[in-house]
2 protein chains.
Amino acid sequence: MTEKKYCIKTETLAQMAKALGHPARIAIMKFLAKQDTCYFGDIHEELPIAKATVSQHLSALKEAGLIQGEIETPKVRYCINKENWEYAKQLFGEFFDMELQKGDNSCCY
Amino acid sequence: MTEKKYCIKTETLAQMAKALGHPARIAIMKFLAKQDTCYFGDIHEELPIAKATVSQHLSALKEAGLIQGEIETPKVRYCINKENWEYAKQLFGEFFDMELQKGDNSCCY
DNA sequence: TATAATGTTCGCAAACCTACGAACAATTTT
DNA sequence: AAAATTGTTCGTAGGTTTGCGAACATTATA
């Protein structure tokens, strides 16, 4: 499994994009970015979905390295993983800063 | 259908992220960015997957507005949709330029 | 020790994604 | 007209995602 058909940066970028590829997860990131306290319950309140589903989305973001969680019983505190956030920012930055060939859309307009 | 549970920018960003959430599709975008000629066949050659699958990925990117295709029988020419590319760039830019609360990772060490 | 509060995990259903080969459509070449 | 070229669409298989409620684990409170 996990065979690598594409270059590592491409794989990583795709993985992060995938993690961000759901509105609930974008909403979570936006919420975490502006929050100081960030308990699970606060996040759940913000979203129109069941807590089990919120938990799943949080797992996905954690899996991708974009956030981290810490148990503070009985609550769980979440926040953005700043190091990886910066890396993601850089990867997406490079990606969107690619120089495009040809100034117009002449090839397919 | 298509009920809107999240704000439109969040939905749009998620949709674009989702479209970019596969290494083959990232690879396609990178390839198109540096190509002048961009026929289906050229793209297919570049990727380790069957042409039916390539066609599907291209559809997904087109659906998301990131690329466009034009029939030039018997070939099909693809290229990046620059207008939407710029918009995507802006959306991701805004997203990653969000100001994060707190300078450290104190909330979750 | 029971009860409440907070989240995670489980089990399930429905939908969606990824990949492929085969069949197809449209033109071009022979 | 037959054959080749170029891609798309179809059908199918297997896997993944999304969503939920219910059950669970853990600590805090009564």
# chains A, B, ... in the order shown; residues from 1 in each chain; ligands from 1
call {"tool": "calpha_fit_and_write", "arguments": {"fixed": "chain B", "moving": "chain A", "output": "JSON list (two decimals) with N, CA and C atoms, in the first residue's frame"}}
result
[["chain", "number", "residue", "atom", "x", "y", "z"],
["A", 1, "MET", "N", -31.97, 19.60, -2.65],
["A", 1, "MET", "CA", -30.52, 19.37, -2.64],
["A", 1, "MET", "C", -29.74, 20.69, -2.61],
["A", 2, "THR", "N", -28.44, 20.55, -2.55],
["A", 2, "THR", "CA", -27.59, 21.73, -2.56],
["A", 2, "THR", "C", -28.00, 22.77, -1.53],
["A", 3, "GLU", "N", -28.46, 22.33, -0.38],
["A", 3, "GLU", "CA", -28.77, 23.34, 0.64],
["A", 3, "GLU", "C", -27.45, 23.90, 1.18],
["A", 4, "LYS", "N", -27.52, 25.12, 1.58],
["A", 4, "LYS", "CA", -26.31, 25.85, 1.95],
["A", 4, "LYS", "C", -26.21, 26.00, 3.46],
["A", 5, "LYS", "N", -25.39, 25.17, 4.05],
["A", 5, "LYS", "CA", -25.25, 25.22, 5.50],
["A", 5, "LYS", "C", -24.12, 26.14, 5.93],
["A", 6, "TYR", "N", -23.26, 26.47, 5.00],
["A", 6, "TYR", "CA", -22.09, 27.27, 5.33],
["A", 6, "TYR", "C", -22.07, 28.49, 4.42],
["A", 7, "CYS", "N", -21.25, 29.44, 4.75],
["A", 7, "CYS", "CA", -21.23, 30.65, 3.93],
["A", 7, "CYS", "C", -20.63, 30.33, 2.56],
["A", 8, "ILE", "N", -20.97, 31.15, 1.62],
["A", 8, "ILE", "CA", -20.65, 30.84, 0.23],
["A", 8, "ILE", "C", -19.15, 30.73, -0.02],
["A", 9, "LYS", "N", -18.39, 31.58, 0.64],
["A", 9, "LYS", "CA", -16.94, 31.51, 0.45],
["A", 9, "LYS", "C", -16.37, 30.21, 1.00],
["A", 10, "THR", "N", -16.91, 29.81, 2.11],
["A", 10, "THR", "CA", -16.48, 28.55, 2.71],
["A", 10, "THR", "C", -16.82, 27.40, 1.79],
["A", 11, "GLU", "N", -18.01, 27.42, 1.25],
["A", 11, "GLU", "CA", -18.43, 26.37, 0.32],
["A", 11, "GLU", "C", -17.54, 26.34, -0.92],
["A", 12, "THR", "N", -17.28, 27.51, -1.46],
["A", 12, "THR", "CA", -16.48, 27.59, -2.68],
["A", 12, "THR", "C", -15.05, 27.12, -2.44],
["A", 13, "LEU", "N", -14.50, 27.58, -1.35],
["A", 13, "LEU", "CA", -13.13, 27.18, -1.02],
["A", 13, "LEU", "C", -13.04, 25.66, -0.84],
["A", 14, "ALA", "N", -14.01, 25.12, -0.13],
["A", 14, "ALA", "CA", -14.03, 23.67, 0.09],
["A", 14, "ALA", "C", -14.15, 22.92, -1.23],
["A", 15, "GLN", "N", -14.96, 23.46, -2.10],
["A", 15, "GLN", "CA", -15.17, 22.80, -3.38],
["A", 15, "GLN", "C", -13.88, 22.78, -4.21],
["A", 16, "MET", "N", -13.18, 23.90, -4.18],
["A", 16, "MET", "CA", -11.92, 23.95, -4.92],
["A", 16, "MET", "C", -10.87, 23.08, -4.27],
["A", 17, "ALA", "N", -10.83, 23.08, -2.97],
["A", 17, "ALA", "CA", -9.88, 22.24, -2.26],
["A", 17, "ALA", "C", -10.16, 20.78, -2.60],
["A", 18, "LYS", "N", -11.42, 20.45, -2.63],
["A", 18, "LYS", "CA", -11.79, 19.08, -2.95],
["A", 18, "LYS", "C", -11.32, 18.70, -4.35],
["A", 19, "ALA", "N", -11.50, 19.63, -5.28],
["A", 19, "ALA", "CA", -11.07, 19.36, -6.65],
["A", 19, "ALA", "C", -9.56, 19.15, -6.72],
["A", 20, "LEU", "N", -8.85, 19.79, -5.83],
["A", 20, "LEU", "CA", -7.38, 19.65, -5.81],
["A", 20, "LEU", "C", -6.94, 18.51, -4.90],
["A", 21, "GLY", "N", -7.90, 17.83, -4.32],
["A", 21, "GLY", "CA", -7.58, 16.83, -3.31],
["A", 21, "GLY", "C", -7.22, 15.46, -3.83],
["A", 22, "HIS", "N", -6.55, 15.44, -4.95],
["A", 22, "HIS", "CA", -6.05, 14.16, -5.47],
["A", 22, "HIS", "C", -4.75, 14.42, -6.21],
["A", 23, "PRO", "N", -3.73, 13.63, -5.93],
["A", 23, "PRO", "CA", -2.42, 13.89, -6.53],
["A", 23, "PRO", "C", -2.45, 13.94, -8.06],
["A", 24, "ALA", "N", -3.29, 13.13, -8.67],
["A", 24, "ALA", "CA", -3.35, 13.17, -10.14],
["A", 24, "ALA", "C", -3.83, 14.54, -10.59],
["A", 25, "ARG", "N", -4.77, 15.11, -9.85],
["A", 25, "ARG", "CA", -5.30, 16.40, -10.27],
["A", 25, "ARG", "C", -4.33, 17.53, -9.98],
["A", 26, "ILE", "N", -3.57, 17.41, -8.92],
["A", 26, "ILE", "CA", -2.50, 18.38, -8.68],
["A", 26, "ILE", "C", -1.48, 18.28, -9.81],
["A", 27, "ALA", "N", -1.12, 17.06, -10.14],
["A", 27, "ALA", "CA", -0.14, 16.84, -11.21],
["A", 27, "ALA", "C", -0.64, 17.43, -12.53],
["A", 28, "ILE", "N", -1.90, 17.26, -12.79],
["A", 28, "ILE", "CA", -2.46, 17.82, -14.03],
["A", 28, "ILE", "C", -2.34, 19.34, -14.03],
["A", 29, "MET", "N", -2.69, 19.96, -12.92],
["A", 29, "MET", "CA", -2.61, 21.42, -12.85],
["A", 29, "MET", "C", -1.17, 21.89, -13.03],
["A", 30, "LYS", "N", -0.25, 21.21, -12.39],
["A", 30, "LYS", "CA", 1.16, 21.59, -12.53],
["A", 30, "LYS", "C", 1.61, 21.44, -13.97],
["A", 31, "PHE", "N", 1.18, 20.35, -14.58],
["A", 31, "PHE", "CA", 1.56, 20.10, -15.97],
["A", 31, "PHE", "C", 0.99, 21.16, -16.90],
["A", 32, "LEU", "N", -0.29, 21.45, -16.71],
["A", 32, "LEU", "CA", -0.93, 22.45, -17.57],
["A", 32, "LEU", "C", -0.29, 23.82, -17.40],
["A", 33, "ALA", "N", 0.14, 24.09, -16.18],
["A", 33, "ALA", "CA", 0.71, 25.41, -15.90],
["A", 33, "ALA", "C", 1.97, 25.66, -16.72],
["A", 34, "LYS", "N", 2.72, 24.61, -16.96],
["A", 34, "LYS", "CA", 3.99, 24.82, -17.65],
["A", 34, "LYS", "C", 3.93, 24.43, -19.11],
["A", 35, "GLN", "N", 2.76, 24.02, -19.55],
["A", 35, "GLN", "CA", 2.64, 23.61, -20.93],
["A", 35, "GLN", "C", 2.08, 24.71, -21.80],
["A", 36, "ASP", "N", 2.47, 24.57, -23.02],
["A", 36, "ASP", "CA", 1.96, 25.49, -24.00],
["A", 36, "ASP", "C", 0.88, 24.74, -24.78],
["A", 37, "THR", "N", 1.29, 23.58, -25.28],
["A", 37, "THR", "CA", 0.32, 22.70, -25.88],
["A", 37, "THR", "C", -0.15, 21.77, -24.78],
["A", 38, "CYS", "N", -1.39, 21.44, -24.77],
["A", 38, "CYS", "CA", -1.91, 20.66, -23.67],
["A", 38, "CYS", "C", -3.05, 19.79, -24.16],
["A", 39, "TYR", "N", -2.71, 18.84, -25.02],
["A", 39, "TYR", "CA", -3.71, 17.90, -25.47],
["A", 39, "TYR", "C", -3.93, 16.83, -24.43],
["A", 40, "PHE", "N", -5.07, 16.24, -24.50],
["A", 40, "PHE", "CA", -5.39, 15.14, -23.60],
["A", 40, "PHE", "C", -4.27, 14.10, -23.58],
["A", 41, "GLY", "N", -3.80, 13.73, -24.76],
["A", 41, "GLY", "CA", -2.77, 12.70, -24.86],
["A", 41, "GLY", "C", -1.50, 13.04, -24.10],
["A", 42, "ASP", "N", -1.13, 14.32, -24.14],
["A", 42, "ASP", "CA", 0.07, 14.75, -23.42],
["A", 42, "ASP", "C", -0.12, 14.56, -21.93],
["A", 43, "ILE", "N", -1.31, 14.90, -21.48],
["A", 43, "ILE", "CA", -1.61, 14.78, -20.06],
["A", 43, "ILE", "C", -1.62, 13.31, -19.66],
["A", 44, "HIS", "N", -2.26, 12.52, -20.49],
["A", 44, "HIS", "CA", -2.35, 11.09, -20.22],
["A", 44, "HIS", "C", -0.96, 10.47, -20.11],
["A", 45, "GLU", "N", -0.08, 10.84, -21.04],
["A", 45, "GLU", "CA", 1.29, 10.33, -21.03],
["A", 45, "GLU", "C", 2.00, 10.61, -19.71],
["A", 46, "GLU", "N", 1.66, 11.73, -19.15],
["A", 46, "GLU", "CA", 2.34, 12.20, -17.94],
["A", 46, "GLU", "C", 1.90, 11.44, -16.69],
["A", 47, "LEU", "N", 0.76, 10.78, -16.78],
["A", 47, "LEU", "CA", 0.18, 10.17, -15.58],
["A", 47, "LEU", "C", 0.17, 8.65, -15.64],
["A", 48, "PRO", "N", 0.27, 8.03, -14.49],
["A", 48, "PRO", "CA", 0.35, 6.57, -14.42],
["A", 48, "PRO", "C", -1.02, 5.91, -14.32],
["A", 49, "ILE", "N", -2.01, 6.44, -14.99],
["A", 49, "ILE", "CA", -3.36, 5.90, -14.89],
["A", 49, "ILE", "C", -4.01, 5.82, -16.27],
["A", 50, "ALA", "N", -5.06, 5.02, -16.34],
["A", 50, "ALA", "CA", -5.75, 4.77, -17.61],
["A", 50, "ALA", "C", -6.41, 6.03, -18.14],
["A", 51, "LYS", "N", -6.60, 6.07, -19.43],
["A", 51, "LYS", "CA", -7.15, 7.29, -20.03],
["A", 51, "LYS", "C", -8.56, 7.58, -19.54],
["A", 52, "ALA", "N", -9.34, 6.54, -19.27],
["A", 52, "ALA", "CA", -10.68, 6.77, -18.76],
["A", 52, "ALA", "C", -10.61, 7.52, -17.43],
["A", 53, "THR", "N", -9.63, 7.16, -16.64],
["A", 53, "THR", "CA", -9.46, 7.79, -15.34],
["A", 53, "THR", "C", -8.97, 9.23, -15.49],
["A", 54, "VAL", "N", -8.05, 9.43, -16.41],
["A", 54, "VAL", "CA", -7.57, 10.78, -16.69],
["A", 54, "VAL", "C", -8.75, 11.66, -17.09],
["A", 55, "SER", "N", -9.57, 11.13, -17.95],
["A", 55, "SER", "CA", -10.73, 11.88, -18.43],
["A", 55, "SER", "C", -11.63, 12.29, -17.27],
["A", 56, "GLN", "N", -11.80, 11.35, -16.34],
["A", 56, "GLN", "CA", -12.61, 11.65, -15.15],
["A", 56, "GLN", "C", -12.01, 12.78, -14.33],
["A", 57, "HIS", "N", -10.71, 12.72, -14.12],
["A", 57, "HIS", "CA", -10.06, 13.76, -13.33],
["A", 57, "HIS", "C", -10.18, 15.12, -14.03],
["A", 58, "LEU", "N", -10.04, 15.10, -15.34],
["A", 58, "LEU", "CA", -10.18, 16.34, -16.09],
["A", 58, "LEU", "C", -11.60, 16.90, -15.94],
["A", 59, "SER", "N", -12.56, 16.00, -15.97],
["A", 59, "SER", "CA", -13.95, 16.44, -15.77],
["A", 59, "SER", "C", -14.13, 17.10, -14.42],
["A", 60, "ALA", "N", -13.51, 16.50, -13.42],
["A", 60, "ALA", "CA", -13.64, 17.04, -12.06],
["A", 60, "ALA", "C", -13.06, 18.45, -11.98],
["A", 61, "LEU", "N", -11.91, 18.62, -12.61],
["A", 61, "LEU", "CA", -11.26, 19.93, -12.59],
["A", 61, "LEU", "C", -12.07, 20.94, -13.39],
["A", 62, "LYS", "N", -12.66, 20.48, -14.47],
["A", 62, "LYS", "CA", -13.47, 21.35, -15.30],
["A", 62, "LYS", "C", -14.72, 21.75, -14.54],
["A", 63, "GLU", "N", -15.31, 20.77, -13.91],
["A", 63, "GLU", "CA", -16.50, 20.99, -13.09],
["A", 63, "GLU", "C", -16.25, 22.07, -12.03],
["A", 64, "ALA", "N", -15.07, 22.01, -11.45],
["A", 64, "ALA", "CA", -14.71, 22.98, -10.42],
["A", 64, "ALA", "C", -14.30, 24.31, -11.03],
["A", 65, "GLY", "N", -14.21, 24.37, -12.32],
["A", 65, "GLY", "CA", -13.88, 25.62, -12.99],
["A", 65, "GLY", "C", -12.40, 25.90, -13.12],
["A", 66, "LEU", "N", -11.58, 24.96, -12.70],
["A", 66, "LEU", "CA", -10.15, 25.23, -12.69],
["A", 66, "LEU", "C", -9.49, 25.09, -14.06],
["A", 67, "ILE", "N", -10.10, 24.33, -14.92],
["A", 67, "ILE", "CA", -9.56, 24.19, -16.28],
["A", 67, "ILE", "C", -10.70, 24.30, -17.29],
["A", 68, "GLN", "N", -10.32, 24.37, -18.52],
["A", 68, "GLN", "CA", -11.31, 24.34, -19.57],
["A", 68, "GLN", "C", -10.77, 23.51, -20.72],
["A", 69, "GLY", "N", -11.66, 22.96, -21.50],
["A", 69, "GLY", "CA", -11.24, 22.12, -22.61],
["A", 69, "GLY", "C", -11.91, 22.55, -23.88],
["A", 70, "GLU", "N", -11.23, 22.32, -24.97],
["A", 70, "GLU", "CA", -11.78, 22.71, -26.25],
["A", 70, "GLU", "C", -11.50, 21.61, -27.26],
["A", 71, "ILE", "N", -12.51, 21.21, -27.98],
["A", 71, "ILE", "CA", -12.34, 20.16, -28.97],
["A", 71, "ILE", "C", -11.63, 20.72, -30.19],
["A", 72, "GLU", "N", -10.63, 19.98, -30.63],
["A", 72, "GLU", "CA", -9.85, 20.38, -31.79],
["A", 72, "GLU", "C", -9.65, 19.09, -32.57],
["A", 73, "THR", "N", -10.74, 18.58, -33.04],
["A", 73, "THR", "CA", -10.79, 17.22, -33.53],
["A", 73, "THR", "C", -9.61, 16.84, -34.39],
["A", 74, "PRO", "N", -9.13, 15.61, -34.15],
["A", 74, "PRO", "CA", -9.70, 14.64, -33.22],
["A", 74, "PRO", "C", -9.13, 14.77, -31.82],
["A", 75, "LYS", "N", -8.46, 15.84, -31.53],
["A", 75, "LYS", "CA", -7.86, 15.99, -30.22],
["A", 75, "LYS", "C", -8.69, 16.91, -29.33],
["A", 76, "VAL", "N", -8.31, 16.97, -28.09],
["A", 76, "VAL", "CA", -8.95, 17.91, -27.18],
["A", 76, "VAL", "C", -7.86, 18.67, -26.45],
["A", 77, "ARG", "N", -7.98, 19.96, -26.49],
["A", 77, "ARG", "CA", -6.96, 20.78, -25.89],
["A", 77, "ARG", "C", -7.46, 21.29, -24.54],
["A", 78, "TYR", "N", -6.63, 21.16, -23.55],
["A", 78, "TYR", "CA", -7.00, 21.62, -22.22],
["A", 78, "TYR", "C", -6.08, 22.74, -21.79],
["A", 79, "CYS", "N", -6.61, 23.61, -20.94],
["A", 79, "CYS", "CA", -5.74, 24.60, -20.31],
["A", 79, "CYS", "C", -6.38, 25.11, -19.02],
["A", 80, "ILE", "N", -5.59, 25.78, -18.26],
["A", 80, "ILE", "CA", -6.07, 26.34, -17.01],
["A", 80, "ILE", "C", -7.04, 27.48, -17.30],
["A", 81, "ASN", "N", -8.11, 27.52, -16.53],
["A", 81, "ASN", "CA", -9.04, 28.64, -16.62],
["A", 81, "ASN", "C", -8.48, 29.77, -15.76],
["A", 82, "LYS", "N", -7.87, 30.72, -16.41],
["A", 82, "LYS", "CA", -7.09, 31.71, -15.66],
["A", 82, "LYS", "C", -7.91, 32.57, -14.73],
["A", 83, "GLU", "N", -9.09, 32.90, -15.15],
["A", 83, "GLU", "CA", -9.94, 33.73, -14.31],
["A", 83, "GLU", "C", -10.25, 33.03, -12.98],
["A", 84, "ASN", "N", -10.68, 31.80, -13.11],
["A", 84, "ASN", "CA", -11.01, 31.06, -11.89],
["A", 84, "ASN", "C", -9.78, 30.67, -11.10],
["A", 85, "TRP", "N", -8.70, 30.48, -11.83],
["A", 85, "TRP", "CA", -7.44, 30.19, -11.16],
["A", 85, "TRP", "C", -7.08, 31.36, -10.25],
["A", 86, "GLU", "N", -7.23, 32.54, -10.77],
["A", 86, "GLU", "CA", -6.93, 33.73, -9.96],
["A", 86, "GLU", "C", -7.85, 33.83, -8.75],
["A", 87, "TYR", "N", -9.09, 33.46, -8.99],
["A", 87, "TYR", "CA", -10.04, 33.52, -7.88],
["A", 87, "TYR", "C", -9.68, 32.51, -6.80],
["A", 88, "ALA", "N", -9.33, 31.31, -7.25],
["A", 88, "ALA", "CA", -8.92, 30.27, -6.31],
["A", 88, "ALA", "C", -7.70, 30.74, -5.52],
["A", 89, "LYS", "N", -6.76, 31.30, -6.25],
["A", 89, "LYS", "CA", -5.55, 31.80, -5.62],
["A", 89, "LYS", "C", -5.89, 32.81, -4.52],
["A", 90, "GLN", "N", -6.84, 33.65, -4.84],
["A", 90, "GLN", "CA", -7.25, 34.67, -3.88],
["A", 90, "GLN", "C", -7.94, 34.05, -2.66],
["A", 91, "LEU", "N", -8.83, 33.12, -2.92],
["A", 91, "LEU", "CA", -9.55, 32.47, -1.81],
["A", 91, "LEU", "C", -8.58, 31.74, -0.89],
["A", 92, "PHE", "N", -7.68, 30.97, -1.48],
["A", 92, "PHE", "CA", -6.71, 30.26, -0.66],
["A", 92, "PHE", "C", -5.78, 31.24, 0.03],
["A", 93, "GLY", "N", -5.45, 32.30, -0.68],
["A", 93, "GLY", "CA", -4.60, 33.33, -0.09],
["A", 93, "GLY", "C", -5.23, 33.93, 1.16],
["A", 94, "GLU", "N", -6.46, 34.33, 1.02],
["A", 94, "GLU", "CA", -7.18, 34.89, 2.17],
["A", 94, "GLU", "C", -7.23, 33.89, 3.32],
["A", 95, "PHE", "N", -7.51, 32.66, 2.94],
["A", 95, "PHE", "CA", -7.65, 31.62, 3.95],
["A", 95, "PHE", "C", -6.35, 31.45, 4.74],
["A", 96, "PHE", "N", -5.25, 31.34, 4.02],
["A", 96, "PHE", "CA", -4.00, 31.09, 4.72],
["A", 96, "PHE", "C", -3.41, 32.36, 5.34],
["A", 97, "ASP", "N", -3.94, 33.48, 4.95],
["A", 97, "ASP", "CA", -3.47, 34.72, 5.57],
["A", 97, "ASP", "C", -4.28, 35.11, 6.79],
["A", 98, "MET", "N", -5.25, 34.29, 7.15],
["A", 98, "MET", "CA", -6.01, 34.54, 8.38],
["A", 98, "MET", "C", -5.03, 34.80, 9.51],
["A", 99, "GLU", "N", -5.40, 35.71, 10.35],
["A", 99, "GLU", "CA", -4.53, 35.94, 11.48],
["A", 99, "GLU", "C", -4.86, 34.94, 12.57],
["A", 100, "LEU", "N", -3.89, 34.24, 13.02],
["A", 100, "LEU", "CA", -4.13, 33.25, 14.07],
["A", 100, "LEU", "C", -4.03, 33.91, 15.44],
["A", 101, "GLN", "N", -4.92, 33.52, 16.32],
["A", 101, "GLN", "CA", -4.86, 34.01, 17.69],
["A", 101, "GLN", "C", -3.67, 33.40, 18.41],
["A", 102, "LYS", "N", -3.06, 34.19, 19.24],
["A", 102, "LYS", "CA", -1.98, 33.69, 20.10],
["A", 102, "LYS", "C", -0.74, 33.31, 19.28],
["A", 103, "GLY", "N", 0.36, 33.81, 19.71],
["A", 103, "GLY", "CA", 1.59, 33.57, 18.96],
["A", 103, "GLY", "C", 2.19, 32.20, 19.16],
["A", 104, "ASP", "N", 1.85, 31.55, 20.27],
["A", 104, "ASP", "CA", 2.43, 30.23, 20.51],
["A", 104, "ASP", "C", 1.37, 29.16, 20.33],
["A", 105, "ASN", "N", 1.74, 27.98, 20.64],
["A", 105, "ASN", "CA", 0.78, 26.89, 20.55],
["A", 105, "ASN", "C", 0.33, 26.52, 21.96],
["A", 106, "SER", "N", 0.21, 27.52, 22.79],
["A", 106, "SER", "CA", -0.01, 27.25, 24.21],
["A", 106, "SER", "C", -1.28, 26.48, 24.49],
["A", 107, "CYS", "N", -2.26, 26.63, 23.59],
["A", 107, "CYS", "CA", -3.53, 25.98, 23.91],
["A", 107, "CYS", "C", -3.43, 24.49, 23.82],
["A", 108, "CYS", "N", -2.65, 23.98, 22.90],
["A", 108, "CYS", "CA", -2.48, 22.55, 22.85],
["A", 108, "CYS", "C", -1.09, 22.23, 22.52],
["A", 109, "TYR", "N", -0.24, 22.43, 22.96],
["A", 109, "TYR", "CA", 1.02, 22.21, 22.37],
["A", 109, "TYR", "C", 1.41, 20.77, 22.22]]
call {"tool": "select_by_dssp", "arguments": {"residues": "chain B", "states": "helix (DSSP H, G or I)", "output": "MDAnalysis selection string"}}
result
chainID B and resid 8:19 23:34 40:46 51:63 82:96 106:108
call {"tool": "write_last_selection", "arguments": {"atoms": "C-alpha atoms", "output": "short mmCIF file (atom, residue, chain, number, x, y, z; two decimals), in the first residue's frame"}}
result
data_model
loop_
_atom_site.label_atom_id
_atom_site.label_comp_id
_atom_site.auth_asym_id
_atom_site.auth_seq_id
_atom_site.Cartn_x
_atom_site.Cartn_y
_atom_site.Cartn_z
CA ILE B 8 -20.62 30.77 0.20
CA LYS B 9 -16.90 31.47 0.42
CA THR B 10 -16.44 28.51 2.68
CA GLU B 11 -18.38 26.32 0.29
CA THR B 12 -16.43 27.53 -2.70
CA LEU B 13 -13.08 27.14 -1.04
CA ALA B 14 -13.97 23.64 0.09
CA GLN B 15 -15.11 22.75 -3.39
CA MET B 16 -11.87 23.90 -4.93
CA ALA B 17 -9.82 22.20 -2.27
CA LYS B 18 -11.74 19.04 -2.93
CA ALA B 19 -11.02 19.29 -6.63
CA PRO B 23 -2.38 13.84 -6.56
CA ALA B 24 -3.32 13.13 -10.16
CA ARG B 25 -5.27 16.36 -10.28
CA ILE B 26 -2.47 18.34 -8.70
CA ALA B 27 -0.11 16.81 -11.24
CA ILE B 28 -2.46 17.80 -14.04
CA MET B 29 -2.60 21.39 -12.85
CA LYS B 30 1.16 21.56 -12.55
CA PHE B 31 1.56 20.10 -15.99
CA LEU B 32 -0.94 22.44 -17.58
CA ALA B 33 0.69 25.41 -15.91
CA LYS B 34 3.97 24.82 -17.66
CA PHE B 40 -5.42 15.15 -23.64
CA GLY B 41 -2.81 12.73 -24.92
CA ASP B 42 0.04 14.77 -23.48
CA ILE B 43 -1.63 14.78 -20.11
CA HIS B 44 -2.36 11.10 -20.29
CA GLU B 45 1.27 10.35 -21.13
CA GLU B 46 2.34 12.21 -18.04
CA LYS B 51 -7.15 7.28 -20.09
CA ALA B 52 -10.68 6.77 -18.80
CA THR B 53 -9.45 7.78 -15.39
CA VAL B 54 -7.56 10.77 -16.73
CA SER B 55 -10.72 11.87 -18.46
CA GLN B 56 -12.60 11.62 -15.18
CA HIS B 57 -10.05 13.73 -13.35
CA LEU B 58 -10.18 16.31 -16.07
CA SER B 59 -13.95 16.41 -15.74
CA ALA B 60 -13.62 16.98 -12.02
CA LEU B 61 -11.24 19.88 -12.54
CA LYS B 62 -13.47 21.31 -15.24
CA GLU B 63 -16.49 20.93 -13.00
CA LYS B 82 -7.11 31.69 -15.62
CA GLU B 83 -9.96 33.71 -14.29
CA ASN B 84 -11.01 31.03 -11.85
CA TRP B 85 -7.42 30.16 -11.13
CA GLU B 86 -6.92 33.70 -9.94
CA TYR B 87 -10.04 33.50 -7.85
CA ALA B 88 -8.90 30.24 -6.29
CA LYS B 89 -5.53 31.79 -5.60
CA GLN B 90 -7.23 34.66 -3.87
CA LEU B 91 -9.52 32.45 -1.79
CA PHE B 92 -6.68 30.23 -0.65
CA GLY B 93 -4.57 33.31 -0.07
CA GLU B 94 -7.16 34.87 2.18
CA PHE B 95 -7.61 31.59 3.96
CA PHE B 96 -3.97 31.07 4.74
CA SER B 106 -0.13 27.41 24.23
CA CYS B 107 -3.65 26.11 23.90
CA CYS B 108 -2.47 22.68 22.96
#
call {"tool": "closest_atom_pairs", "arguments": {"of": "chain D", "to": "chain B", "cutoff": "9 Å", "atoms": "only C-alpha atoms (C1' of nucleotides)", "output": "CSV"}}
result
residue,atom,partner,partner_atom,distance
D:DT5,C1',B:Pro74,CA,7.4
D:DT6,C1',B:Pro74,CA,5.3
D:DG7,C1',B:Lys75,CA,7.2
D:DT8,C1',B:Ser55,CA,7.4
D:DT9,C1',B:Ala52,CA,8.9
call {"tool": "closest_atom_pairs", "arguments": {"of": "chain D", "to": "segment 3-27 of chain C", "cutoff": "8 Å", "atoms": "only C-alpha atoms (C1' of nucleotides)", "output": "Markdown table"}}
result
| residue | atom | partner | partner_atom | distance |
| --- | --- | --- | --- | --- |
| D:DT9 | C1' | C:DC24 | C1' | 7.5 |
| D:DC10 | C1' | C:DA23 | C1' | 7.7 |
| D:DT16 | C1' | C:DC17 | C1' | 7.2 |
| D:DT17 | C1' | C:DC16 | C1' | 7.2 |
| D:DA23 | C1' | C:DC10 | C1' | 7.7 |
| D:DC24 | C1' | C:DT9 | C1' | 7.5 |
| D:DA28 | C1' | C:DA5 | C1' | 7.8 |
| D:DT29 | C1' | C:DA4 | C1' | 7.3 |
| D:DA30 | C1' | C:DT3 | C1' | 7.5 |
call {"tool": "select_by_dssp", "arguments": {"residues": "chain A", "states": "strand (DSSP E or B)", "output": "PyMOL selection string"}}
result
chain A and resi 39+67-72+75-80
call {"tool": "decode", "arguments": {"residues": "segment 26-34 of chain A", "atoms": "N, CA and C atoms", "output": "short mmCIF file (atom, residue, chain, number, x, y, z; two decimals), in the first residue's frame"}}
result
data_model
loop_
_atom_site.label_atom_id
_atom_site.label_comp_id
_atom_site.auth_asym_id
_atom_site.auth_seq_id
_atom_site.Cartn_x
_atom_site.Cartn_y
_atom_site.Cartn_z
N ILE A 26 -13.35 23.43 6.54
CA ILE A 26 -12.93 24.81 6.33
C ILE A 26 -13.47 25.67 7.47
N ALA A 27 -14.73 25.46 7.78
CA ALA A 27 -15.35 26.24 8.86
C ALA A 27 -14.62 26.02 10.18
N ILE A 28 -14.24 24.80 10.43
CA ILE A 28 -13.50 24.51 11.67
C ILE A 28 -12.18 25.27 11.69
N MET A 29 -11.46 25.23 10.59
CA MET A 29 -10.17 25.94 10.55
C MET A 29 -10.37 27.44 10.75
N LYS A 30 -11.36 27.99 10.11
CA LYS A 30 -11.63 29.42 10.27
C LYS A 30 -11.97 29.74 11.72
N PHE A 31 -12.77 28.87 12.30
CA PHE A 31 -13.18 29.09 13.69
C PHE A 31 -11.99 29.01 14.63
N LEU A 32 -11.18 27.98 14.43
CA LEU A 32 -10.01 27.81 15.30
C LEU A 32 -9.04 28.98 15.16
N ALA A 33 -8.97 29.50 13.95
CA ALA A 33 -8.02 30.58 13.70
C ALA A 33 -8.34 31.82 14.53
N LYS A 34 -9.61 32.04 14.77
CA LYS A 34 -9.98 33.27 15.47
C LYS A 34 -10.32 33.03 16.93
#
